[in-house]
>>> print(open('protein_32.pdb').read())   # PDB, C-alpha atoms
ATOM      1  CA  MET O1411      58.157 112.391  96.911
ATOM      2  CA  PRO O1412      57.883 112.537  93.122
ATOM      3  CA  PHE O1413      57.615 109.281  91.240
ATOM      4  CA  THR O1414      60.822 108.079  89.619
ATOM      5  CA  PRO O1415      61.764 104.806  87.903
ATOM      6  CA  ASN O1416      62.683 101.793  89.974
ATOM      7  CA  GLN O1417      66.201 101.590  91.331
ATOM      8  CA  THR O1418      68.425  98.488  91.218
ATOM      9  CA  LEU O1419      71.699  97.970  93.060
ATOM     10  CA  THR O1420      74.059  94.985  93.165
ATOM     11  CA  VAL O1421      75.492  94.453  96.623
ATOM     12  CA  GLY O1422      78.396  92.122  95.826
ATOM     13  CA  ASP O1423      79.586  88.552  95.334
ATOM     14  CA  VAL O1424      79.081  85.627  97.699
ATOM     15  CA  THR O1425      80.518  82.121  97.660
ATOM     16  CA  ASN O1426      79.808  78.816  99.385
ATOM     17  CA  GLY O1427      79.617  79.285 103.132
ATOM     18  CA  ASP O1428      79.230  83.074 102.999
ATOM     19  CA  HIS O1429      76.441  84.740 104.921
ATOM     20  CA  GLY O1430      75.314  88.295 105.565
ATOM     21  CA  TYR O1431      72.316  90.520 105.029
ATOM     22  CA  ILE O1432      70.890  92.941 102.529
ATOM     23  CA  ASN O1433      70.003  96.267 104.113
ATOM     24  CA  ILE O1434      67.799  98.851 102.367
ATOM     25  CA  LEU O1435      67.195 102.194 104.063
ATOM     26  CA  VAL O1436      64.378 104.352 102.663
ATOM     27  CA  LYS O1437      64.059 108.014 103.622
ATOM     28  CA  ALA O1438      60.966 109.791 102.319
ATOM     29  CA  TRP O1439      59.872 113.418 102.335
ATOM     30  CA  TRP O1440      56.560 114.699 100.993
ATOM     31  CA  ASP O1441      54.964 118.030 100.341
ATOM     32  CA  LEU O1442      51.597 117.613  98.669
ATOM     33  CA  GLY O1443      50.407 121.171  99.028
ATOM     34  CA  ASP O1444      46.754 121.393 100.178
ATOM     35  CA  PRO O1445      45.140 118.060  99.318
ATOM     36  CA  GLY O1446      41.697 119.228 100.445
ATOM     37  CA  LEU O1447      41.984 118.388 104.121
ATOM     38  CA  GLY O1448      41.494 121.918 105.289
ATOM     39  CA  LEU O1449      45.176 122.218 106.115
ATOM     40  CA  ASP O1450      47.664 124.671 104.758
ATOM     41  CA  ARG O1451      50.015 121.952 103.521
ATOM     42  CA  ALA O1452      50.338 118.160 103.669
ATOM     43  CA  GLN O1453      54.012 117.531 104.342
ATOM     44  CA  GLY O1454      56.230 115.343 106.458
ATOM     45  CA  SER O1455      58.991 112.767 106.450
ATOM     46  CA  SER O1456      59.521 109.155 107.416
ATOM     47  CA  GLN O1457      62.207 106.509 107.394
ATOM     48  CA  LEU O1458      62.047 102.726 106.888
ATOM     49  CA  GLU O1459      64.771 100.123 107.151
ATOM     50  CA  PHE O1460      64.615  96.662 105.554
ATOM     51  CA  VAL O1461      66.936  93.894 106.703
ATOM     52  CA  THR O1462      67.036  90.551 104.892
ATOM     53  CA  PRO O1463      69.566  87.955 106.110
ATOM     54  CA  PHE O1464      70.937  85.517 103.552
ATOM     55  CA  ARG O1465      73.351  82.604 103.442
ATOM     56  CA  VAL O1466      74.937  80.287 100.904
ATOM     57  CA  PRO O1467      74.924  76.645 102.022
ATOM     58  CA  ARG O1468      78.292  75.028 102.501
ATOM     59  CA  GLY O1469      79.371  71.948 100.659
ATOM     60  CA  GLU O1470      78.592  70.747  97.199
ATOM     61  CA  LEU O1471      75.478  72.218  95.584
ATOM     62  CA  LYS O1472      73.430  70.631  92.866
ATOM     63  CA  GLU O1473      72.864  72.417  89.604
ATOM     64  CA  ASP O1474      69.193  73.052  90.336
ATOM     65  CA  ASP O1475      69.799  74.393  93.835
ATOM     66  CA  ASP O1476      69.130  78.022  94.635
ATOM     67  CA  LYS O1477      72.519  79.231  95.756
ATOM     68  CA  VAL O1478      71.320  82.065  98.003
ATOM     69  CA  LYS O1479      68.915  81.293 100.832
ATOM     70  CA  PHE O1480      66.976  84.264 102.225
ATOM     71  CA  SER O1481      65.321  84.755 105.591
ATOM     72  CA  LYS O1482      62.198  86.862 105.911
ATOM     73  CA  THR O1483      62.588  90.568 105.294
ATOM     74  CA  ARG O1484      62.104  92.624 108.441
ATOM     75  CA  PRO O1485      60.846  96.202 107.889
ATOM     76  CA  THR O1486      61.254  98.642 110.766
ATOM     77  CA  LEU O1487      59.727 102.133 110.981
ATOM     78  CA  GLN O1488      62.473 104.208 112.508
ATOM     79  CA  PHE O1489      61.121 107.725 112.196
ATOM     80  CA  SER O1490      57.899 109.468 111.176
ATOM     81  CA  SER O1491      56.667 113.057 111.386
ATOM     82  CA  GLY O1492      54.313 115.441 109.610
ATOM     83  CA  PHE O1493      50.682 115.089 108.559
ATOM     84  CA  GLY O1494      48.456 114.647 105.571
ATOM     85  CA  ALA O1495      50.195 111.472 104.432
ATOM     86  CA  ALA O1496      52.150 108.500 105.792
ATOM     87  CA  LEU O1497      54.809 106.056 104.659
ATOM     88  CA  ASP O1498      53.342 102.565 104.630
ATOM     89  CA  LYS O1499      54.639 100.638 107.654
ATOM     90  CA  GLN O1500      54.200  97.263 105.935
ATOM     91  CA  PRO O1501      55.198  97.751 102.309
ATOM     92  CA  SER O1502      55.356  94.886  99.893
ATOM     93  CA  THR O1503      58.634  92.952  99.918
ATOM     94  CA  SER O1504      59.895  89.978  97.963
ATOM     95  CA  GLU O1505      63.011  87.787  97.912
ATOM     96  CA  ASP O1506      64.015  86.219  94.637
ATOM     97  CA  PRO O1507      66.795  83.595  94.872
ATOM     98  CA  ASP O1508      68.127  82.055  91.707
ATOM     99  CA  ASP O1509      71.175  80.124  90.571
ATOM    100  CA  GLY O1510      73.048  83.275  89.707
ATOM    101  CA  GLY O1511      72.481  84.984  93.023
ATOM    102  CA  GLY O1512      69.413  86.623  94.490
ATOM    103  CA  SER O1513      67.681  89.906  95.129
ATOM    104  CA  VAL O1514      65.361  91.646  97.571
ATOM    105  CA  THR O1515      62.766  94.130  96.344
ATOM    106  CA  VAL O1516      60.819  96.538  98.542
ATOM    107  CA  ALA O1517      58.061  98.858  97.355
ATOM    108  CA  PRO O1518      57.199 101.485  99.992
ATOM    109  CA  SER O1519      54.299 103.859  99.355
ATOM    110  CA  ILE O1520      53.316 107.271 100.659
ATOM    111  CA  THR O1521      49.570 107.174 101.126
ATOM    112  CA  TYR O1522      47.342 110.204 101.506
ATOM    113  CA  GLN O1523      43.579 110.561 101.853
ATOM    114  CA  VAL O1524      41.268 113.254 100.535
ATOM    115  CA  GLN O1525      37.785 113.596 102.018
ATOM    116  CA  THR O1526      35.011 115.704 100.489
ATOM    117  CA  ALA O1527      31.452 116.176 101.792
ATOM    118  CA  GLY O1528      28.365 118.127 100.656
ATOM    119  CA  GLN O1529      24.938 118.616 102.192
ATOM    120  CA  VAL O1530      21.607 119.898 100.734
ATOM    121  CA  GLN O1531      18.697 120.801 102.962
ATOM    122  CA  GLY O1532      15.120 121.801 101.940
ATOM    123  CA  GLY O1533      11.489 121.879 103.043
ATOM    124  CA  ALA O1534       7.874 122.256 101.734
ATOM    125  CA  ASN O1535       4.344 122.988 103.103
ATOM    126  CA  ILE O1536       1.295 121.371 101.541
ATOM    127  CA  ASN O1537      -2.307 122.642 102.156
ATOM    128  CA  VAL O1538      -5.068 120.258 101.198
ATOM    129  CA  LEU O1539      -8.635 120.856 102.334
ATOM    130  CA  PHE O1540      -7.604 123.079 105.148
ATOM    131  CA  VAL O1541      -5.149 120.372 106.297
ATOM    132  CA  SER O1542      -1.668 121.678 106.508
ATOM    133  CA  ALA O1543       1.379 119.381 106.542
ATOM    134  CA  GLY O1544       5.083 120.160 106.399
ATOM    135  CA  ALA O1545       8.083 118.049 105.355
ATOM    136  CA  ASN O1546      11.816 118.641 105.587
ATOM    137  CA  TYR O1547      14.498 116.604 103.950
ATOM    138  CA  THR O1548      18.292 116.472 104.084
ATOM    139  CA  TYR O1549      20.611 115.057 101.424
ATOM    140  CA  GLN O1550      24.317 114.481 102.191
ATOM    141  CA  ILE O1551      27.099 113.431  99.868
ATOM    142  CA  ALA O1552      30.512 112.206 101.163
ATOM    143  CA  ALA O1553      33.476 110.836  99.247
ATOM    144  CA  ASN O1554      36.863 109.505 100.388
ATOM    145  CA  THR O1555      39.726 109.335  97.974
ATOM    146  CA  VAL O1556      42.856 107.360  98.900
ATOM    147  CA  GLU O1557      45.860 107.606  96.665
ATOM    148  CA  SER O1558      49.538 106.730  96.993
ATOM    149  CA  LEU O1559      52.886 107.432  95.453
ATOM    150  CA  SER O1560      55.024 104.324  95.169
ATOM    151  CA  ARG O1561      58.616 103.532  94.351
ATOM    152  CA  SER O1562      60.418 100.184  94.400
ATOM    153  CA  TYR O1563      63.999  99.375  95.309
ATOM    154  CA  THR O1564      65.901  96.200  94.465
ATOM    155  CA  ALA O1565      69.225  95.074  95.892
ATOM    156  CA  GLY O1566      70.874  91.848  94.763
ATOM    157  CA  VAL O1567      73.842  89.619  95.500
ATOM    158  CA  HIS O1568      75.697  87.651  92.859
ATOM    159  CA  TYR O1569      76.777  84.078  93.490
ATOM    160  CA  THR O1570      80.341  83.120  92.602
ATOM    161  CA  PRO O1571      81.261  79.439  93.076
ATOM    162  CA  LYS O1572      84.162  78.971  95.433
ATOM    163  CA  GLU O1573      87.196  77.502  93.765
ATOM    164  CA  PRO O1574      88.045  74.058  95.119
ATOM    165  CA  PRO O1575      91.128  74.110  97.322
ATOM    166  CA  LYS O1576      94.288  73.158  95.582
ATOM    167  CA  PRO O1577      95.772  69.914  96.839
ATOM    168  CA  ALA O1578      98.681  70.483  99.160
ATOM    169  CA  PRO O1579     101.954  69.536  97.519
ATOM    170  CA  ASP O1580     103.623  66.395  98.769
ATOM    171  CA  LYS O1581     106.334  67.278 101.239
ATOM    172  CA  THR O1582     109.141  65.352 102.795
ATOM    173  CA  MET O1583     111.668  66.072 105.520
ATOM    174  CA  LYS O1584     115.136  66.676 104.104
ATOM    175  CA  LEU O1585     118.516  67.313 105.635
ATOM    176  CA  PHE O1586     120.403  70.270 104.147
ATOM    177  CA  HIS O1587     124.105  70.612 104.861
ATOM    178  CA  GLU O1588     127.169  72.509 103.707
ATOM    179  CA  THR O1589     130.717  73.083 104.974
ATOM    180  CA  VAL O1590     133.121  76.021 105.150
ATOM    181  CA  GLU O1591     136.855  75.190 104.978
ATOM    182  CA  PHE O1592     139.630  76.905 106.976
ATOM    183  CA  GLY O1593     143.411  77.161 106.736
ATOM    184  CA  VAL O1594     145.846  76.084 109.431
ATOM    185  CA  ASP O1595     145.082  77.884 112.705
ATOM    186  CA  GLU O1596     142.635  80.076 110.783
ATOM    187  CA  ARG O1597     139.581  81.434 112.655
ATOM    188  CA  VAL O1598     138.020  83.827 110.101
ATOM    189  CA  PRO O1599     136.651  82.232 106.889
ATOM    190  CA  LYS O1600     138.017  83.462 103.583
ATOM    191  CA  PRO O1601     135.661  85.441 101.257
ATOM    192  CA  ASP O1602     135.613  82.671  98.647
ATOM    193  CA  GLN O1603     134.394  80.177 101.260
ATOM    194  CA  LEU O1604     131.649  82.554 102.396
ATOM    195  CA  ALA O1605     130.625  83.055  98.746
ATOM    196  CA  LEU O1606     130.297  79.295  98.344
ATOM    197  CA  LEU O1607     128.152  79.121 101.488
ATOM    198  CA  LYS O1608     125.934  81.948 100.215
ATOM    199  CA  GLY O1609     125.511  80.295  96.826
ATOM    200  CA  TRP O1610     124.458  77.065  98.520
ATOM    201  CA  TRP O1611     121.870  78.875 100.651
ATOM    202  CA  GLN O1612     120.433  80.646  97.603
ATOM    203  CA  GLY O1613     120.026  77.316  95.779
ATOM    204  CA  LEU O1614     122.671  77.957  93.123
ATOM    205  CA  PHE O1615     125.217  75.223  93.853
ATOM    206  CA  GLY O1616     126.677  73.173  96.660
ATOM    207  CA  THR O1617     125.988  69.964  98.527
ATOM    208  CA  ARG O1618     122.694  68.382  97.539
ATOM    209  CA  PRO O1619     119.876  68.640  98.392
ATOM    210  CA  ILE O1620     120.074  72.395  97.965
ATOM    211  CA  PRO O1621     117.703  74.526 100.119
ATOM    212  CA  ASP O1622     114.529  75.558  98.315
ATOM    213  CA  GLU O1623     112.283  78.500  99.196
ATOM    214  CA  GLY O1624     110.231  76.431 101.647
ATOM    215  CA  ALA O1625     113.343  75.381 103.548
ATOM    216  CA  ARG O1626     114.682  78.933 103.611
ATOM    217  CA  GLN O1627     111.364  80.269 104.922
ATOM    218  CA  ALA O1628     111.320  77.664 107.699
ATOM    219  CA  VAL O1629     114.774  78.790 108.839
ATOM    220  CA  ARG O1630     113.986  82.506 108.655
ATOM    221  CA  ALA O1631     110.782  81.965 110.646
ATOM    222  CA  GLY O1632     112.646  80.084 113.358
ATOM    223  CA  GLN O1633     110.655  76.912 112.682
ATOM    224  CA  THR O1634     113.712  74.698 112.520
ATOM    225  CA  GLU O1635     117.065  74.754 114.300
ATOM    226  CA  VAL O1636     120.260  75.256 112.335
ATOM    227  CA  SER O1637     123.396  73.595 113.727
ATOM    228  CA  VAL O1638     126.735  75.338 113.198
ATOM    229  CA  VAL O1639     129.542  73.070 114.441
ATOM    230  CA  GLY O1640     133.232  73.955 114.339
ATOM    231  CA  HIS O1641     135.932  71.334 113.715
ATOM    232  CA  ALA O1642     139.729  71.263 113.946
ATOM    233  CA  SER O1643     142.594  68.952 113.045
ATOM    234  CA  ARG O1644     144.515  66.907 115.621
ATOM    235  CA  THR O1645     147.540  69.232 115.727
ATOM    236  CA  GLY O1646     147.693  70.904 119.153
ATOM    237  CA  SER O1647     146.000  70.257 122.486
ATOM    238  CA  ARG O1648     142.381  69.284 122.867
ATOM    239  CA  GLN O1649     141.517  72.487 124.789
ATOM    240  CA  TYR O1650     143.189  74.704 122.177
ATOM    241  CA  ASN O1651     141.299  73.064 119.335
ATOM    242  CA  LEU O1652     137.948  73.317 121.154
ATOM    243  CA  VAL O1653     138.426  77.100 121.366
ATOM    244  CA  LEU O1654     139.746  77.320 117.801
ATOM    245  CA  ALA O1655     136.786  75.367 116.375
ATOM    246  CA  LYS O1656     134.309  77.441 118.403
ATOM    247  CA  ASP O1657     135.788  80.671 117.019
ATOM    248  CA  ARG O1658     135.383  79.307 113.506
ATOM    249  CA  ALA O1659     131.740  78.391 114.160
ATOM    250  CA  ASP O1660     130.987  81.819 115.705
ATOM    251  CA  HIS O1661     132.314  83.649 112.626
ATOM    252  CA  VAL O1662     130.221  81.515 110.280
ATOM    253  CA  ALA O1663     127.105  81.952 112.441
ATOM    254  CA  ASP O1664     127.575  85.741 112.488
ATOM    255  CA  PHE O1665     127.813  85.729 108.705
ATOM    256  CA  LEU O1666     124.608  83.675 108.370
ATOM    257  CA  LYS O1667     122.621  85.960 110.683
ATOM    258  CA  THR O1668     123.914  89.399 109.648
ATOM    259  CA  ASP O1669     123.870  89.071 105.859
ATOM    260  CA  PRO O1670     120.350  90.162 104.757
ATOM    261  CA  ASP O1671     120.408  87.638 101.906
ATOM    262  CA  LEU O1672     120.975  84.693 104.250
ATOM    263  CA  MET O1673     119.234  83.386 107.375
ATOM    264  CA  THR O1674     118.731  86.768 109.152
ATOM    265  CA  SER O1675     118.575  87.365 112.898
ATOM    266  CA  ALA O1676     115.255  85.489 113.298
ATOM    267  CA  ALA O1677     116.913  82.154 112.559
ATOM    268  CA  HIS O1678     117.518  79.800 115.476
ATOM    269  CA  LEU O1679     121.191  78.844 115.332
ATOM    270  CA  ASN O1680     122.805  76.333 117.686
ATOM    271  CA  VAL O1681     126.557  77.113 117.632
ATOM    272  CA  SER O1682     128.970  74.574 119.105
ATOM    273  CA  SER O1683     132.496  73.169 118.890
ATOM    274  CA  SER O1684     133.656  69.614 118.305
ATOM    275  CA  GLY O1685     137.365  70.476 118.405
ATOM    276  CA  PHE O1686     139.318  67.517 117.081
ATOM    277  CA  ASP O1687     137.058  64.920 118.735
ATOM    278  CA  ASP O1688     135.480  63.920 115.404
ATOM    279  CA  ALA O1689     138.742  63.995 113.440
ATOM    280  CA  THR O1690     139.582  60.705 111.759
ATOM    281  CA  THR O1691     142.935  61.675 110.243
ATOM    282  CA  LYS O1692     146.032  61.977 112.411
ATOM    283  CA  GLY O1693     148.186  65.083 112.310
ATOM    284  CA  GLU O1694     147.495  68.159 110.189
ATOM    285  CA  ALA O1695     144.754  67.430 107.624
ATOM    286  CA  GLN O1696     142.776  69.907 105.512
ATOM    287  CA  SER O1697     139.726  67.650 105.621
ATOM    288  CA  GLU O1698     139.433  68.205 109.414
ATOM    289  CA  ARG O1699     139.469  72.043 109.437
ATOM    290  CA  TYR O1700     135.903  73.110 108.672
ATOM    291  CA  VAL O1701     132.547  74.339 110.026
ATOM    292  CA  ALA O1702     129.482  72.210 109.288
ATOM    293  CA  VAL O1703     126.139  73.966 108.743
ATOM    294  CA  PHE O1704     123.097  71.703 108.650
ATOM    295  CA  PHE O1705     119.346  71.678 109.366
ATOM    296  CA  GLU O1706     116.197  69.681 108.586
ATOM    297  CA  ALA O1707     113.064  71.147 106.952
ATOM    298  CA  LEU O1708     109.961  70.065 105.090
ATOM    299  CA  THR O1709     110.280  70.622 101.376
ATOM    300  CA  GLU O1710     108.131  69.890  98.347
ATOM    301  CA  VAL O1711     108.803  66.674  96.524
ATOM    302  CA  SER O1712     110.232  67.625  93.149
ATOM    303  CA  PRO O1713     113.087  66.567  90.902
ATOM    304  CA  ALA O1714     116.382  67.826  92.270
ATOM    305  CA  PRO O1715     117.897  70.663  90.192
ATOM    306  CA  ALA O1716     120.986  69.910  88.189
ATOM    307  CA  VAL O1717     124.110  71.195  89.912
ATOM    308  CA  ALA O1718     127.642  71.156  88.670
ATOM    309  CA  GLY O1719     130.513  69.434  90.429
ATOM    310  CA  ASN O1720     128.426  67.435  92.899
ATOM    311  CA  GLU O1721     127.072  63.935  92.991
ATOM    312  CA  GLU O1722     123.932  62.858  94.808
ATOM    313  CA  GLY O1723     125.142  61.402  98.079
ATOM    314  CA  ALA O1724     123.809  60.019 101.284
ATOM    315  CA  GLU O1725     122.347  62.551 103.735
ATOM    316  CA  THR O1726     124.251  62.370 106.999
ATOM    317  CA  ALA O1727     123.853  64.409 110.115
ATOM    318  CA  GLU O1728     127.275  66.022 109.807
ATOM    319  CA  PRO O1729     129.372  65.266 106.715
ATOM    320  CA  ALA O1730     133.100  65.872 106.637
ATOM    321  CA  ASN O1731     134.683  68.021 103.958
ATOM    322  CA  ALA O1732     135.701  66.341 100.753
TER     323      ALA O1732
END
>>> encode(input="protein_32.pdb", output="structure tokens")
Amino acid sequence: MPFTPNQTLTVGDVTNGDHGYINILVKAWWDLGDPGLGLDRAQGSSQLEFVTPFRVPRGELKEDDDKVKFSKTRPTLQFSSGFGAALDKQPSTSEDPDDGGGSVTVAPSITYQVQTAGQVQGGANINVLFVSAGANYTYQIAANTVESLSRSYTAGVHYTPKEPPKPAPDKTMKLFHETVEFGVDERVPKPDQLALLKGWWQGLFGTRPIPDEGARQAVRAGQTEVSVVGHASRTGSRQYNLVLAKDRADHVADFLKTDPDLMTSAAHLNVSSSGFDDATTKGEAQSERYVAVFFEALTEVSPAPAVAGNEEGAETAEPANA
């Protein structure tokens, strides 16, 4: 493994309450030739994994707090083979938290050992006054050389403060209502009446309060029930007018559910007939021939938009046509 400059990698951003771990995987291969061990080559491979859990405390942090809190790095030797050298099983590691984030640095080393030895032997005979003596001596030299190739790796996380949650807008329950007028003995609404109903639903004009986006979403999600009630004048029998008013309500409900720009099929519509039971004017009266569409929904508190041709009036469960 030739020596190269240190490597640095940024893992990513963390915010208050985040947690995870930094994982560094080191794979090493070496081929040192013949380092003097009496072997043809010193080569092999090894693999180390470093896992360092971290977390960012929840709640409000002080300015001098370290944002990232590290647990102890855990090195694991996953694989090793070869001879002549070895990847250090316990390399140096360090965690460095700071206010801008934090980092983990590991510095694994491949260590190899060279041993050399030399020996000198000799002897001598000494004759003094016919006394002979002999001496032998041995001198041995041994040296061990341990060297290593090292490389460090740093991985860091960057702390990003979590934006405080935006306060929820004030909401209030409102009743939204509109009517569709019909001619004498008429069951199918005229196009101009349906256009008025569509404009009211889209918030362009009509009886106030006009549905806003929150109210429309509540209807389309089926979170609130929409009442569609047919009405008739007092001309004719009670049974006839119950059927007539129900036909009127069915046609309006079909329009509300099938037009893609209106309530759609997911809306919960309660279709019914009042016949002439709620009529207050005797005989044939235009004000009694209508379908009432109304529902309640939570909506944000905001100034009502200016609309032409309408005055702010009391919200009633089922208003009669003007």
>>> atom_distance(input="protein_32.pdb", atom1="atom CA of Trp1440 of chain O", atom2="atom CA of Ala1452 of chain O")
7.6 Å
>>> atom_distance(input="protein_32.pdb", atom1="atom CA of Tyr1563 of chain O", atom2="atom CA of Gly1427 of chain O")
26.6 Å
>>> closest_residue(input="protein_32.pdb", among="O:Leu1604, O:Ala1642, O:Leu1559, O:Leu1419", to="Ser1683 of chain O", atoms="only C-alpha atoms")
O:Ala1642
>>> resolve_selection(input="protein_32.pdb", expression="the PyMOL selection byres ((chain O and resi 1595-1600) around 10)", output="number ranges by chain")
O: 1590-1594, 1601-1605, 1640, 1642-1643, 1645-1646, 1651, 1653-1662, 1665, 1699-1701
>>> resolve_selection(input="protein_32.pdb", expression="the PyMOL selection byres ((chain O and resi 1462-1474) around 9)", output="PyMOL selection string")
chain O and resi 1424-1434+1460-1461+1475-1485+1505+1509+1514+1569
>>> closest_residue(input="protein_32.pdb", among="O:Lys1667, O:Lys1692, O:Arg1561, O:Arg1648", to="Lys1608 of chain O", atoms="only C-alpha atoms")
O:Lys1667
>>> closest_residue(input="protein_32.pdb", among="O:Asp1687, O:Asp1669, O:Asp1506, O:Glu1623", to="Gln1649 of chain O", atoms="all atoms listed in the file")
O:Asp1687
>>> closest_residue(input="protein_32.pdb", among="O:Asn1680, O:Ser1560, O:Gln1627, O:Thr1691", to="Val1436 of chain O", atoms="all atoms listed in the file")
O:Ser1560
>>> closest_residue(input="protein_32.pdb", among="O:Thr1589, O:Ser1647, O:Thr1521, O:Asn1416", to="Thr1617 of chain O", atoms="only C-alpha atoms")
O:Thr1589
>>> closest_residue(input="protein_32.pdb", among="O:Tyr1650, O:Trp1439, O:Tyr1522, O:Phe1686", to="Phe1489 of chain O", atoms="all atoms listed in the file")
O:Trp1439
>>> residues_around(input="protein_32.pdb", residues="Ser1675 of chain O", least_positions_apart="5", cutoff="10 Å", atoms="all atoms listed in the file", output="number ranges by chain")
O: 1630-1632, 1664, 1666-1670
>>> atom_distance(input="protein_32.pdb", atom1="atom CA of Pro1577 of chain O", atom2="atom CA of Gly1624 of chain O")
16.6 Å
>>> residues_around(input="protein_32.pdb", residues="Ala1496 of chain O", least_positions_apart="3", cutoff="12 Å", atoms="all atoms listed in the file", output="ChimeraX atom specification")
/O:1411,1438-1442,1452-1458,1487,1489-1493,1499-1501,1518-1523,1556-1560
>>> axis_aligned_box(input="protein_32.pdb", around="segment 1680-1693 of chain O", padding_each_side="4 Å", output="JSON")
{"center_x": 135.5, "center_y": 68.9, "center_z": 114.7, "size_x": 33.4, "size_y": 24.4, "size_z": 16.9}
>>> residues_near_point(input="protein_32.pdb", point="(72.7, 92.9, 92.7)", cutoff="8 Å", atoms="all atoms listed in the file", output="PDB file with C-alpha atoms, in the coordinates of the input")
ATOM      1  CA  THR O1418      68.425  98.488  91.218  1.00  0.00           C
ATOM      2  CA  LEU O1419      71.699  97.970  93.060  1.00  0.00           C
ATOM      3  CA  THR O1420      74.059  94.985  93.165  1.00  0.00           C
ATOM      4  CA  VAL O1421      75.492  94.453  96.623  1.00  0.00           C
ATOM      5  CA  GLY O1422      78.396  92.122  95.826  1.00  0.00           C
ATOM      6  CA  GLY O1511      72.481  84.984  93.023  1.00  0.00           C
ATOM      7  CA  GLY O1512      69.413  86.623  94.490  1.00  0.00           C
ATOM      8  CA  SER O1513      67.681  89.906  95.129  1.00  0.00           C
ATOM      9  CA  THR O1564      65.901  96.200  94.465  1.00  0.00           C
ATOM     10  CA  ALA O1565      69.225  95.074  95.892  1.00  0.00           C
ATOM     11  CA  GLY O1566      70.874  91.848  94.763  1.00  0.00           C
ATOM     12  CA  VAL O1567      73.842  89.619  95.500  1.00  0.00           C
ATOM     13  CA  HIS O1568      75.697  87.651  92.859  1.00  0.00           C
TER      14      HIS O1568
END
>>> residues_near_point(input="protein_32.pdb", point="(109.9, 77.7, 113.5)", cutoff="12 Å", atoms="all atoms listed in the file", output="list of chain:residue names")
O:Gly1624, O:Ala1625, O:Arg1626, O:Gln1627, O:Ala1628, O:Val1629, O:Arg1630, O:Ala1631, O:Gly1632, O:Gln1633, O:Thr1634, O:Glu1635, O:Val1636, O:Ala1676, O:Ala1677, O:His1678, O:Leu1679, O:Phe1705, O:Glu1706, O:Ala1707, O:Leu1708
